[in-house]
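Asks: Before I ask anything, let me first share the structure, which is written out below as structure tokens.
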Amino acid sequence: MKHKSIGTRTHSARIESRVVAPAEVEIPPLTAADFKDVKRLRRVPRVKTLRRVLQLTQRQFARRFQIPLATLRDWEAGRATPDATARAYLQVIARDHERIAAMLQTSESEAAP
Amino acid sequence: MSSTGPSAIGAAHQPPTERAARQRQRLRLIDACISALHIHGPSRTTVEKVVALADLSPGIVRFYFDSKDAMLVASLVHLGEEFEQRVLVPVAQLKETPERALELLVELYLDADIASTRKVSAWYSFWGEASSRQEYYEICGRQDDAFGALVRDLIERMIVAAGATHLDAEGIALGLIGVLEVLWQGFAFQSESEIDRPAARRGAMGYLRSVFPGHFGAAEPATRRAKQGVSPAQAAAALADPCAVEWLDERHSTGGQRTLLLGRADHQVLTVLYAERSGRPRIVFARRATAYEAQVYRDENALGAD
């Protein structure tokens, strides 16, 4: 299976170019207590953030990085958390997603008859 | 004006135009000598290198200076006199408030003409050899004493003017001298185009403002923005960081769902609050991350971390 393109656009161009904020929305310095209390800050699963940045649908992301779609959905919904190996894999994707995608693509086409 | 070498002999008998021409040529040599000191340092500065920079013939140097050493000392004396005339005298003569005098001191001390990379680096090259050269030590030391005395006097008057008699004048003067010295040292190692003089001035004024709250004007808005706020482009870059870490902000129920993000933009971690509107992120607020937040970001991105 060949993908059309592995290039990704970023969000930057589409973000409204305005950082004007009324004083009440200023973010006070965050503390360890903020990060620990889910009633204050609830962690977004890493893969969901990564997918938003790469602007891929769940299906596209799963296919490109060869992650079972059901597993990806479970991670994003919080029904499951990635184990250490998967976490390391997601870290590596975050650091250089284009190369990872290219390597997987190459290995796929090599494997093809 | 002290004169070194034979130029002083019979100067009174020379026509004024000739004397002026001699003076210009002497200054040209000194200026070239300062450039040579900046490039080569005192021990590797030679008469040949100086005349080449000045575009004059080697014989000319002998006319003005007995030796290479005399030329170097004349250059150091010139730097000292220039500093005195352009910085110390105007500040000491300013009869206004000590607040205004200190502002002027900072401005002149960091002035592009006085604190150029070339001159500052030549000045420090003399200081570097002052331990072994008594003459350098005396000239440099005299200069520093005069400057130190002026700063202490101004700080003492400032303490009285501000009614802050609990402050230690000696310590605060030392602090200001240290701040200015460190900025000069930065200049010596930067090229002229890299030097950010407004930032240097803001840094020095920030010190004075911290010691004397309510004086030395309020921080300029630009300063605060540089400290805290970030440009829309930077915030957008942080949002597009694949290594970004996000939390749903549950602290505020009003205004819809907001996401808090720690992301990198231009080698610094930013803290961004954004709302999603019709699938597009809309930045609500962005600032530089605190040290703790930046640590959280790094921890989250350390391979093998939980």
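Chain labels A, B, ... are given in the sequence in which chains occur in the structure tokens; within each chain residues are numbered consecutively from 1, and ligands are likewise numbered from 1 in the order shown.
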I'd like the neighbourhood of stretch 72-82 of chain A as an MDAnalysis selection string, where a residue qualifies if any of its atoms comes within 12 Å (using only C-alpha atoms), though same-chain residues fewer than 4 positions away should be ignored.
Replies: (chainID A and resid 42:52 57:63 65:68 86:91) or (chainID B and resid 306)
Asks: With a distance threshold of 9 Å and counting only C-alpha atoms, extract the residues of chain B near chain A and express them as an NGL selection string.
Replies: :B and (229-233 or 235-237 or 239-252 or 259-260 or 271-273 or 280-287 or 289-290 or 292-293 or 301-306)
Asks: Output N, CA and C atoms for every residue in that selection, as a CSV table (one decimal), in the first residue's frame.
Replies:
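Result file result.csv:
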```
chain,number,residue,atom,x,y,z
B,229,GLY,N,5.2,38.1,27.1
B,229,GLY,CA,4.4,37.8,26.0
B,229,GLY,C,5.2,37.2,24.8
B,230,VAL,N,4.5,36.7,23.9
B,230,VAL,CA,5.1,36.1,22.7
B,230,VAL,C,4.3,36.6,21.5
B,231,SER,N,4.9,36.5,20.3
B,231,SER,CA,4.3,36.9,19.1
B,231,SER,C,3.3,35.8,18.7
B,232,PRO,N,2.3,36.2,17.9
B,232,PRO,CA,1.3,35.2,17.4
B,232,PRO,C,2.1,34.1,16.6
B,233,ALA,N,3.1,34.5,15.9
B,233,ALA,CA,3.9,33.4,15.1
B,233,ALA,C,4.5,32.4,16.0
B,235,ALA,N,3.5,31.6,19.1
B,235,ALA,CA,2.5,30.8,19.7
B,235,ALA,C,2.0,29.8,18.7
B,236,ALA,N,1.9,30.1,17.5
B,236,ALA,CA,1.5,29.2,16.4
B,236,ALA,C,2.5,28.1,16.3
B,237,ALA,N,3.8,28.5,16.4
B,237,ALA,CA,4.9,27.5,16.2
B,237,ALA,C,4.8,26.5,17.4
B,239,LEU,N,2.2,25.6,19.0
B,239,LEU,CA,1.0,24.7,18.7
B,239,LEU,C,1.3,23.7,17.7
B,240,ALA,N,2.3,23.9,16.8
B,240,ALA,CA,2.6,23.0,15.7
B,240,ALA,C,3.8,22.1,16.1
B,241,ASP,N,4.2,22.2,17.4
B,241,ASP,CA,5.3,21.3,17.9
B,241,ASP,C,4.9,19.9,18.1
B,242,PRO,N,5.4,18.9,17.3
B,242,PRO,CA,4.9,17.6,17.5
B,242,PRO,C,5.2,17.0,18.9
B,243,CYS,N,6.1,17.6,19.6
B,243,CYS,CA,6.5,17.1,20.9
B,243,CYS,C,5.6,17.9,22.0
B,244,ALA,N,4.7,18.7,21.6
B,244,ALA,CA,3.9,19.4,22.5
B,244,ALA,C,3.1,18.5,23.5
B,245,VAL,N,2.9,19.0,24.6
B,245,VAL,CA,2.2,18.3,25.6
B,245,VAL,C,0.9,19.1,26.0
B,246,GLU,N,-0.2,18.4,26.1
B,246,GLU,CA,-1.5,19.2,26.3
B,246,GLU,C,-2.3,18.6,27.4
B,247,TRP,N,-3.1,19.5,28.0
B,247,TRP,CA,-4.0,19.2,29.0
B,247,TRP,C,-5.3,19.9,28.7
B,248,LEU,N,-6.4,19.3,29.1
B,248,LEU,CA,-7.7,20.0,29.0
B,248,LEU,C,-7.8,20.8,30.3
B,249,ASP,N,-8.1,22.1,30.1
B,249,ASP,CA,-8.1,23.0,31.3
B,249,ASP,C,-9.5,22.9,31.9
B,250,GLU,N,-9.6,22.2,33.0
B,250,GLU,CA,-10.9,22.0,33.7
B,250,GLU,C,-11.2,23.0,34.8
B,251,ARG,N,-10.3,24.0,34.9
B,251,ARG,CA,-10.4,25.0,36.0
B,251,ARG,C,-11.5,26.0,35.7
B,252,HIS,N,-11.8,26.3,34.4
B,252,HIS,CA,-12.8,27.3,34.1
B,252,HIS,C,-13.9,26.6,33.3
B,259,THR,N,-7.8,24.2,26.0
B,259,THR,CA,-6.6,23.3,26.1
B,259,THR,C,-5.4,24.1,26.5
B,260,LEU,N,-4.7,23.6,27.4
B,260,LEU,CA,-3.4,24.2,27.8
B,260,LEU,C,-2.3,23.4,27.2
B,271,THR,N,4.0,28.5,27.1
B,271,THR,CA,2.7,28.0,27.7
B,271,THR,C,1.6,28.7,26.9
B,272,VAL,N,0.8,27.9,26.3
B,272,VAL,CA,-0.3,28.5,25.4
B,272,VAL,C,-1.7,27.9,25.9
B,273,LEU,N,-2.6,28.8,25.9
B,273,LEU,CA,-4.0,28.4,26.2
B,273,LEU,C,-4.8,28.7,24.9
B,280,ARG,N,-10.6,24.7,14.4
B,280,ARG,CA,-9.4,25.5,14.3
B,280,ARG,C,-9.0,26.0,15.7
B,281,PRO,N,-7.7,25.8,16.0
B,281,PRO,CA,-7.3,26.4,17.3
B,281,PRO,C,-7.3,27.9,17.3
B,282,ARG,N,-7.8,28.5,18.3
B,282,ARG,CA,-7.8,29.9,18.5
B,282,ARG,C,-7.0,30.2,19.8
B,283,ILE,N,-5.9,30.9,19.6
B,283,ILE,CA,-5.1,31.2,20.8
B,283,ILE,C,-5.7,32.2,21.7
B,284,VAL,N,-5.9,31.8,23.0
B,284,VAL,CA,-6.5,32.7,24.0
B,284,VAL,C,-5.4,33.5,24.6
B,285,PHE,N,-4.3,32.8,25.0
B,285,PHE,CA,-3.2,33.5,25.7
B,285,PHE,C,-2.0,32.7,25.5
B,286,ALA,N,-0.8,33.4,25.4
B,286,ALA,CA,0.4,32.7,25.3
B,286,ALA,C,1.5,33.5,26.1
B,287,ARG,N,2.4,32.7,26.7
B,287,ARG,CA,3.5,33.4,27.4
B,287,ARG,C,4.7,32.4,27.4
B,289,ALA,N,7.1,29.8,29.1
B,289,ALA,CA,6.9,28.9,30.2
B,289,ALA,C,7.8,29.2,31.4
B,290,THR,N,7.3,29.0,32.6
B,290,THR,CA,8.2,29.2,33.7
B,290,THR,C,9.2,28.0,33.7
B,292,TYR,N,9.6,25.7,35.9
B,292,TYR,CA,9.0,24.5,36.2
B,292,TYR,C,8.2,23.9,35.1
B,293,GLU,N,7.5,24.7,34.4
B,293,GLU,CA,6.7,24.2,33.2
B,293,GLU,C,7.6,23.7,32.1
B,301,ASN,N,9.2,14.7,27.4
B,301,ASN,CA,9.9,14.4,26.1
B,301,ASN,C,11.2,13.6,26.3
B,302,ALA,N,11.5,13.2,27.5
B,302,ALA,CA,12.7,12.4,27.7
B,302,ALA,C,12.3,11.0,27.3
B,303,LEU,N,13.1,10.4,26.4
B,303,LEU,CA,12.8,9.0,26.0
B,303,LEU,C,12.9,8.1,27.2
B,304,GLY,N,12.0,7.2,27.3
B,304,GLY,CA,12.0,6.2,28.4
B,304,GLY,C,11.3,6.8,29.6
B,305,ALA,N,10.8,8.0,29.6
B,305,ALA,CA,10.1,8.6,30.7
B,305,ALA,C,8.7,8.0,30.8
B,306,ASP,N,8.1,7.9,31.9
B,306,ASP,CA,6.8,7.4,32.1
B,306,ASP,C,5.7,8.4,31.6
```
Asks: Suppose you want the space between atom CA of B:Glu138 and atom CA of B:Tyr124; what is it in Å?
Replies: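 Between atom CA of B:Glu138 and atom CA of B:Tyr124 the gap is 14.2 Å.
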Asks: Which residues are near B:Ile195? Cut-off 10 Å, only C-alpha atoms, ignore same chain within fewer than 6 positions. Put them as a list in words.
Replies: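 After dropping sequence-adjacent residues, the list is Ala112, Ser116, Thr117, Leu183, Gly186, Phe187, Ala188 and Phe189 of chain B.
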Asks: Mind pulling up the distance from atom CA of A:Lys36 to atom CA of B:Leu261?
Replies: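 Value for the atom CA of B:Leu261-atom CA of A:Lys36 distance: 15.4 Å.
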Asks: One number please: atom CA of B:Ala162 to atom CA of B:Leu110, in Å, one decimal.
Replies: 24.7 Å
